[in-house]
file data-v1.tsv (TSV, N, CA and C atoms)
chain	number	residue	atom	x	y	z
A	1	MET	N	10.53	-4.61	8.16
A	1	MET	CA	9.55	-4.67	7.09
A	1	MET	C	8.96	-3.29	6.90
A	2	LYS	N	8.67	-2.96	5.64
A	2	LYS	CA	8.01	-1.69	5.35
A	2	LYS	C	6.76	-1.95	4.51
A	3	ILE	N	5.63	-1.43	4.99
A	3	ILE	CA	4.36	-1.52	4.30
A	3	ILE	C	4.00	-0.13	3.79
A	4	ALA	N	3.53	-0.06	2.54
A	4	ALA	CA	3.16	1.23	1.95
A	4	ALA	C	1.73	1.19	1.44
A	5	ALA	N	1.12	2.36	1.38
A	5	ALA	CA	-0.22	2.52	0.82
A	5	ALA	C	-0.39	3.97	0.38
A	6	ALA	N	-1.07	4.16	-0.73
A	6	ALA	CA	-1.43	5.51	-1.17
A	6	ALA	C	-2.76	5.86	-0.53
A	7	CYS	N	-2.89	7.11	-0.09
A	7	CYS	CA	-4.15	7.48	0.54
A	7	CYS	C	-4.48	8.95	0.30
A	8	GLN	N	-5.73	9.25	0.53
A	8	GLN	CA	-6.25	10.62	0.57
A	8	GLN	C	-7.04	10.71	1.87
A	9	LYS	N	-6.64	11.62	2.73
A	9	LYS	CA	-7.30	11.81	4.03
A	9	LYS	C	-7.44	10.49	4.78
A	10	ASP	N	-6.36	9.71	4.83
A	10	ASP	CA	-6.26	8.45	5.57
A	10	ASP	C	-7.03	7.28	4.95
A	11	ILE	N	-7.67	7.50	3.80
A	11	ILE	CA	-8.42	6.44	3.14
A	11	ILE	C	-7.61	5.93	1.95
A	12	LEU	N	-7.50	4.61	1.83
A	12	LEU	CA	-6.75	3.98	0.75
A	12	LEU	C	-7.28	4.44	-0.60
A	13	THR	N	-6.36	4.75	-1.52
A	13	THR	CA	-6.74	5.19	-2.84
A	13	THR	C	-5.72	4.70	-3.86
A	14	GLY	N	-6.07	4.84	-5.13
A	14	GLY	CA	-5.11	4.55	-6.19
A	14	GLY	C	-4.13	5.70	-6.31
A	15	ILE	N	-3.14	5.56	-7.17
A	15	ILE	CA	-2.08	6.57	-7.26
A	15	ILE	C	-2.43	7.75	-8.14
A	16	ASN	N	-3.53	7.70	-8.87
A	16	ASN	CA	-3.82	8.74	-9.84
A	16	ASN	C	-4.76	9.83	-9.36
A	17	GLY	N	-5.12	9.84	-8.10
A	17	GLY	CA	-6.01	10.87	-7.59
A	17	GLY	C	-5.28	12.16	-7.26
A	18	ASP	N	-6.04	13.19	-6.93
A	18	ASP	CA	-5.46	14.45	-6.47
A	18	ASP	C	-5.07	14.31	-5.01
A	19	ASN	N	-4.01	15.02	-4.62
A	19	ASN	CA	-3.55	15.06	-3.23
A	19	ASN	C	-3.23	13.68	-2.65
A	20	VAL	N	-2.66	12.81	-3.48
A	20	VAL	CA	-2.28	11.49	-3.00
A	20	VAL	C	-1.00	11.59	-2.18
A	21	VAL	N	-1.01	10.92	-1.06
A	21	VAL	CA	0.15	10.85	-0.18
A	21	VAL	C	0.45	9.37	0.04
A	22	PHE	N	1.73	9.02	-0.01
A	22	PHE	CA	2.11	7.66	0.34
A	22	PHE	C	2.40	7.61	1.82
A	23	VAL	N	1.86	6.62	2.48
A	23	VAL	CA	2.13	6.40	3.89
A	23	VAL	C	2.99	5.14	3.99
A	24	PHE	N	4.11	5.27	4.68
A	24	PHE	CA	5.04	4.17	4.90
A	24	PHE	C	5.02	3.79	6.36
A	25	PHE	N	4.76	2.53	6.62
A	25	PHE	CA	4.73	1.99	7.98
A	25	PHE	C	5.97	1.12	8.16
A	26	GLU	N	6.85	1.52	9.06
A	26	GLU	CA	8.00	0.69	9.44
A	26	GLU	C	7.51	-0.28	10.51
A	27	ILE	N	7.73	-1.55	10.26
A	27	ILE	CA	7.23	-2.59	11.15
A	27	ILE	C	8.40	-3.34	11.78
A	28	ASP	N	8.30	-3.60	13.07
A	28	ASP	CA	9.25	-4.50	13.72
A	28	ASP	C	8.45	-5.55	14.47
A	29	LYS	N	9.12	-6.40	15.25
A	29	LYS	CA	8.41	-7.51	15.89
A	29	LYS	C	7.37	-7.07	16.91
A	30	SER	N	7.45	-5.82	17.37
A	30	SER	CA	6.45	-5.34	18.32
A	30	SER	C	5.28	-4.63	17.64
A	31	GLY	N	5.35	-4.41	16.33
A	31	GLY	CA	4.26	-3.76	15.61
A	31	GLY	C	4.74	-2.57	14.81
A	32	ILE	N	3.90	-1.55	14.71
A	32	ILE	CA	4.24	-0.35	13.94
A	32	ILE	C	5.27	0.46	14.73
A	33	ARG	N	6.44	0.64	14.13
A	33	ARG	CA	7.52	1.39	14.79
A	33	ARG	C	7.45	2.87	14.44
A	34	SER	N	7.17	3.17	13.15
A	34	SER	CA	7.05	4.57	12.73
A	34	SER	C	6.16	4.66	11.50
A	35	VAL	N	5.64	5.87	11.28
A	35	VAL	CA	4.79	6.15	10.12
A	35	VAL	C	5.28	7.43	9.48
A	36	ASN	N	5.51	7.39	8.17
A	36	ASN	CA	5.95	8.58	7.43
A	36	ASN	C	5.08	8.77	6.20
A	37	GLU	N	4.82	10.02	5.87
A	37	GLU	CA	4.05	10.35	4.68
A	37	GLU	C	4.95	11.05	3.68
A	38	ILE	N	4.80	10.67	2.40
A	38	ILE	CA	5.57	11.30	1.32
A	38	ILE	C	4.60	11.59	0.18
A	39	PRO	N	4.50	12.85	-0.27
A	39	PRO	CA	3.66	13.15	-1.43
A	39	PRO	C	4.18	12.40	-2.66
A	40	PHE	N	3.28	12.04	-3.54
A	40	PHE	CA	3.65	11.29	-4.74
A	40	PHE	C	2.95	11.89	-5.93
A	41	ALA	N	3.73	12.25	-6.94
A	41	ALA	CA	3.15	12.73	-8.21
A	41	ALA	C	2.98	11.52	-9.11
A	42	ALA	N	1.76	11.27	-9.54
A	42	ALA	CA	1.45	10.09	-10.35
A	42	ALA	C	2.28	10.06	-11.63
A	43	GLY	N	2.66	8.89	-12.01
A	43	GLY	CA	3.38	8.65	-13.25
A	43	GLY	C	2.92	7.32	-13.80
A	44	ASN	N	3.76	6.67	-14.58
A	44	ASN	CA	3.37	5.36	-15.07
A	44	ASN	C	3.73	4.30	-14.03
A	45	MET	N	3.31	3.07	-14.27
A	45	MET	CA	3.49	2.02	-13.28
A	45	MET	C	4.96	1.69	-13.04
A	46	GLU	N	5.79	1.83	-14.04
A	46	GLU	CA	7.22	1.59	-13.84
A	46	GLU	C	7.82	2.61	-12.87
A	47	GLN	N	7.41	3.88	-12.99
A	47	GLN	CA	7.87	4.92	-12.08
A	47	GLN	C	7.36	4.66	-10.66
A	48	TYR	N	6.15	4.22	-10.57
A	48	TYR	CA	5.52	3.87	-9.30
A	48	TYR	C	6.31	2.75	-8.62
A	49	ALA	N	6.61	1.69	-9.36
A	49	ALA	CA	7.38	0.57	-8.81
A	49	ALA	C	8.77	1.04	-8.38
A	50	ASP	N	9.40	1.88	-9.19
A	50	ASP	CA	10.73	2.40	-8.86
A	50	ASP	C	10.69	3.22	-7.57
A	51	PHE	N	9.66	4.04	-7.41
A	51	PHE	CA	9.46	4.83	-6.19
A	51	PHE	C	9.37	3.91	-4.97
A	52	LEU	N	8.63	2.82	-5.10
A	52	LEU	CA	8.47	1.88	-3.98
A	52	LEU	C	9.78	1.17	-3.67
A	53	VAL	N	10.51	0.77	-4.71
A	53	VAL	CA	11.80	0.10	-4.50
A	53	VAL	C	12.78	1.05	-3.82
A	54	LYS	N	12.85	2.30	-4.29
A	54	LYS	CA	13.77	3.27	-3.68
A	54	LYS	C	13.44	3.53	-2.22
A	55	ASN	N	12.18	3.37	-1.86
A	55	ASN	CA	11.76	3.57	-0.47
A	55	ASN	C	11.72	2.26	0.31
A	56	GLU	N	12.31	1.20	-0.28
A	56	GLU	CA	12.49	-0.09	0.37
A	56	GLU	C	11.20	-0.71	0.89
A	57	VAL	N	10.15	-0.63	0.07
A	57	VAL	CA	8.85	-1.19	0.43
A	57	VAL	C	8.84	-2.70	0.20
A	58	ASP	N	8.32	-3.43	1.18
A	58	ASP	CA	8.17	-4.87	1.07
A	58	ASP	C	6.77	-5.27	0.65
A	59	LEU	N	5.77	-4.54	1.12
A	59	LEU	CA	4.38	-4.89	0.89
A	59	LEU	C	3.59	-3.63	0.55
A	60	LEU	N	2.78	-3.71	-0.50
A	60	LEU	CA	1.92	-2.61	-0.91
A	60	LEU	C	0.47	-3.01	-0.69
A	61	LEU	N	-0.28	-2.17	0.00
A	61	LEU	CA	-1.72	-2.33	0.14
A	61	LEU	C	-2.37	-1.37	-0.83
A	62	THR	N	-3.34	-1.84	-1.62
A	62	THR	CA	-3.88	-1.01	-2.69
A	62	THR	C	-5.30	-1.44	-3.07
A	63	PRO	N	-6.07	-0.52	-3.67
A	63	PRO	CA	-7.33	-0.93	-4.29
A	63	PRO	C	-7.01	-1.84	-5.49
A	64	ALA	N	-7.98	-2.15	-6.29
A	64	ALA	CA	-7.79	-3.03	-7.44
A	64	ALA	C	-6.74	-2.46	-8.41
A	65	VAL	N	-5.90	-3.34	-8.94
A	65	VAL	CA	-4.92	-2.98	-9.96
A	65	VAL	C	-4.98	-4.00	-11.09
A	66	SER	N	-4.53	-3.59	-12.25
A	66	SER	CA	-4.58	-4.46	-13.43
A	66	SER	C	-3.55	-5.58	-13.32
A	67	ASP	N	-3.73	-6.61	-14.14
A	67	ASP	CA	-2.77	-7.71	-14.17
A	67	ASP	C	-1.41	-7.22	-14.62
A	68	ASN	N	-1.37	-6.28	-15.57
A	68	ASN	CA	-0.10	-5.71	-16.03
A	68	ASN	C	0.62	-4.99	-14.89
A	69	SER	N	-0.12	-4.22	-14.11
A	69	SER	CA	0.47	-3.53	-12.96
A	69	SER	C	0.98	-4.52	-11.93
A	70	LYS	N	0.24	-5.60	-11.72
A	70	LYS	CA	0.69	-6.63	-10.78
A	70	LYS	C	2.01	-7.23	-11.24
A	71	ASP	N	2.13	-7.48	-12.55
A	71	ASP	CA	3.37	-8.04	-13.10
A	71	ASP	C	4.55	-7.09	-12.88
A	72	ILE	N	4.33	-5.80	-13.11
A	72	ILE	CA	5.40	-4.80	-12.94
A	72	ILE	C	5.85	-4.76	-11.48
A	73	LEU	N	4.89	-4.73	-10.57
A	73	LEU	CA	5.22	-4.71	-9.14
A	73	LEU	C	5.91	-6.00	-8.72
A	74	ASP	N	5.43	-7.12	-9.22
A	74	ASP	CA	6.06	-8.41	-8.89
A	74	ASP	C	7.50	-8.46	-9.39
A	75	ASN	N	7.72	-7.99	-10.62
A	75	ASN	CA	9.08	-7.97	-11.18
A	75	ASN	C	10.01	-7.04	-10.39
A	76	ALA	N	9.43	-6.05	-9.73
A	76	ALA	CA	10.22	-5.12	-8.91
A	76	ALA	C	10.44	-5.68	-7.50
A	77	GLY	N	9.83	-6.82	-7.19
A	77	GLY	CA	9.99	-7.43	-5.87
A	77	GLY	C	9.05	-6.88	-4.82
A	78	ILE	N	7.99	-6.22	-5.26
A	78	ILE	CA	7.01	-5.65	-4.32
A	78	ILE	C	5.86	-6.64	-4.15
A	79	HIS	N	5.66	-7.10	-2.93
A	79	HIS	CA	4.50	-7.96	-2.64
A	79	HIS	C	3.27	-7.06	-2.60
A	80	LEU	N	2.12	-7.64	-2.89
A	80	LEU	CA	0.91	-6.84	-3.09
A	80	LEU	C	-0.30	-7.53	-2.48
A	81	ILE	N	-1.11	-6.75	-1.80
A	81	ILE	CA	-2.47	-7.18	-1.45
A	81	ILE	C	-3.37	-6.12	-2.06
A	82	ASP	N	-4.21	-6.54	-3.00
A	82	ASP	CA	-5.06	-5.56	-3.68
A	82	ASP	C	-6.54	-5.85	-3.42
A	83	ASN	N	-7.37	-5.04	-4.04
A	83	ASN	CA	-8.83	-5.06	-3.87
A	83	ASN	C	-9.24	-4.63	-2.47
A	84	LEU	N	-8.41	-3.81	-1.83
A	84	LEU	CA	-8.68	-3.35	-0.48
A	84	LEU	C	-9.39	-2.00	-0.48
A	85	CYS	N	-10.08	-1.71	0.61
A	85	CYS	CA	-10.68	-0.39	0.82
A	85	CYS	C	-10.70	-0.10	2.31
A	86	GLY	N	-10.70	1.19	2.65
A	86	GLY	CA	-10.82	1.57	4.05
A	86	GLY	C	-9.69	2.44	4.54
A	87	ASN	N	-9.64	2.63	5.84
A	87	ASN	CA	-8.63	3.44	6.51
A	87	ASN	C	-7.29	2.70	6.45
A	88	VAL	N	-6.25	3.41	6.03
A	88	VAL	CA	-4.95	2.79	5.82
A	88	VAL	C	-4.39	2.18	7.11
A	89	ARG	N	-4.39	2.92	8.18
A	89	ARG	CA	-3.83	2.39	9.44
A	89	ARG	C	-4.62	1.17	9.91
A	90	THR	N	-5.93	1.19	9.78
A	90	THR	CA	-6.76	0.05	10.17
A	90	THR	C	-6.39	-1.18	9.35
A	91	LEU	N	-6.15	-0.99	8.04
A	91	LEU	CA	-5.75	-2.11	7.18
A	91	LEU	C	-4.41	-2.69	7.60
A	92	VAL	N	-3.45	-1.82	7.90
A	92	VAL	CA	-2.13	-2.29	8.35
A	92	VAL	C	-2.26	-3.04	9.67
A	93	GLU	N	-3.00	-2.48	10.60
A	93	GLU	CA	-3.18	-3.15	11.89
A	93	GLU	C	-3.87	-4.50	11.74
A	94	ALA	N	-4.86	-4.59	10.84
A	94	ALA	CA	-5.54	-5.86	10.59
A	94	ALA	C	-4.57	-6.87	9.97
A	95	TYR	N	-3.73	-6.40	9.05
A	95	TYR	CA	-2.73	-7.28	8.44
A	95	TYR	C	-1.78	-7.83	9.51
A	96	LEU	N	-1.28	-6.95	10.37
A	96	LEU	CA	-0.35	-7.36	11.41
A	96	LEU	C	-0.99	-8.30	12.43
A	97	ALA	N	-2.27	-8.13	12.66
A	97	ALA	CA	-2.99	-8.98	13.61
A	97	ALA	C	-3.40	-10.31	12.98
A	98	GLY	N	-3.21	-10.44	11.67
A	98	GLY	CA	-3.61	-11.66	10.98
A	98	GLY	C	-5.09	-11.75	10.70
A	99	SER	N	-5.79	-10.63	10.79
A	99	SER	CA	-7.25	-10.65	10.60
A	99	SER	C	-7.70	-9.93	9.34
A	100	LEU	N	-6.78	-9.48	8.51
A	100	LEU	CA	-7.15	-8.74	7.30
A	100	LEU	C	-8.07	-9.57	6.41
A	101	PHE	N	-7.71	-10.82	6.18
A	101	PHE	CA	-8.46	-11.65	5.25
A	101	PHE	C	-9.74	-12.20	5.86
A	102	ASP	N	-9.92	-12.05	7.15
A	102	ASP	CA	-11.12	-12.55	7.84
A	102	ASP	C	-12.29	-11.56	7.81
A	103	ASN	N	-12.04	-10.35	7.32
A	103	ASN	CA	-13.08	-9.33	7.38
A	103	ASN	C	-13.41	-8.81	5.99
A	104	PRO	N	-14.56	-9.20	5.42
A	104	PRO	CA	-14.91	-8.79	4.07
A	104	PRO	C	-15.11	-7.28	3.89
A	105	LYS	N	-15.28	-6.53	4.98
A	105	LYS	CA	-15.47	-5.08	4.84
A	105	LYS	C	-14.23	-4.38	4.32
A	106	TYR	N	-13.07	-5.03	4.41
A	106	TYR	CA	-11.83	-4.43	3.92
A	106	TYR	C	-11.60	-4.65	2.44
A	107	PHE	N	-12.45	-5.41	1.78
A	107	PHE	CA	-12.24	-5.79	0.39
A	107	PHE	C	-13.32	-5.24	-0.52
A	108	ILE	N	-12.89	-4.87	-1.73
A	108	ILE	CA	-13.81	-4.41	-2.78
A	108	ILE	C	-14.48	-5.64	-3.36
A	109	ASN	N	-15.79	-5.60	-3.47
A	109	ASN	CA	-16.52	-6.74	-4.07
A	109	ASN	C	-16.49	-6.68	-5.56

call {"tool": "encode", "arguments": {"input": "data-v1.tsv", "output": "structure tokens"}}
result
Amino acid sequence: MKIAAACQKDILTGINGDNVVFVFFEIDKSGIRSVNEIPFAAGNMEQYADFLVKNEVDLLLTPAVSDNSKDILDNAGIHLIDNLCGNVRTLVEAYLAGSLFDNPKYFIN
């Protein structure tokens, strides 16, 4: 499994900010196997989805996104958890532990 998130200085962000880096977490049954960062130049949502597909992403963690963006990602086969905020690694670890949805501090109100 591969989980992706856009971030700035380890904090989850949208794709249109300055100095955005995509962090890819390779997951196996024991947890996080590897972490890789790839710079990303913002484009339209179709380009964003294509970038994620080419990098074999299964799950995207992201702040709030529009319904249109959700449809594009869904059509590309990218699962999505949105309205998130916080440290990217902490969010991934919470997801893997099954506690992401139990903690309201990870979600945008």

call {"tool": "closest_atom_pairs", "arguments": {"input": "data-v1.tsv", "of": "stretch 40-70 of chain A", "to": "stretch 6-23 of chain A", "cutoff": "7 Å", "atoms": "only N, CA and C atoms", "output": "Markdown table"}}
result
| residue | atom | partner | partner_atom | distance |
| --- | --- | --- | --- | --- |
| A:Phe40 | N | A:Val20 | C | 4.5 |
| A:Ala41 | C | A:Ile15 | C | 6.7 |
| A:Ala42 | CA | A:Ile15 | C | 5.0 |
| A:Gly43 | N | A:Ile15 | C | 6.5 |
| A:Leu61 | C | A:Ala6 | N | 5.7 |
| A:Thr62 | CA | A:Thr13 | C | 6.1 |
| A:Pro63 | N | A:Thr13 | C | 5.2 |

call {"tool": "residues_around", "arguments": {"input": "data-v1.tsv", "residues": "A:Leu80", "least_positions_apart": "2", "cutoff": "8 Å", "atoms": "only N, CA and C atoms", "output": "number ranges by chain"}}
result
A: 58-62, 70, 73-74, 77-78, 82-83

call {"tool": "residues_around", "arguments": {"input": "data-v1.tsv", "residues": "A:Phe25", "least_positions_apart": "6", "cutoff": "8 Å", "atoms": "all atoms listed in the file", "output": "MDAnalysis selection string"}}
result
chainID A and resid 1:5 31:37

call {"tool": "atom_distance", "arguments": {"input": "data-v1.tsv", "atom1": "atom N of A:Leu84", "atom2": "atom CA of A:Ser69"}}
result
14.2 Å

call {"tool": "axis_aligned_box", "arguments": {"input": "data-v1.tsv", "around": "stretch 22-31 of chain A", "padding_each_side": "3 Å", "output": "lines of an AutoDock Vina configuration file"}}
result
center_x = 5.5
center_y = 0.8
center_z = 9.2
size_x = 13.5
size_y = 22.5
size_z = 24.3

call {"tool": "closest_residue", "arguments": {"input": "data-v1.tsv", "among": "A:Asp28, A:Leu96, A:Val57, A:Glu46", "to": "A:His79", "atoms": "all atoms listed in the file"}}
result
A:Val57

call {"tool": "select_by_dssp", "arguments": {"input": "data-v1.tsv", "residues": "chain A", "states": "strand (DSSP E or B)", "output": "ChimeraX atom specification"}}
result
/A:2-8,11-12,21-28,31-39,59-61,79-81,84,87,107

call {"tool": "closest_residue", "arguments": {"input": "data-v1.tsv", "among": "A:Glu93, A:Tyr48, A:Lys29, A:Cys85", "to": "A:Asn109", "atoms": "only C-alpha atoms"}}
result
A:Cys85
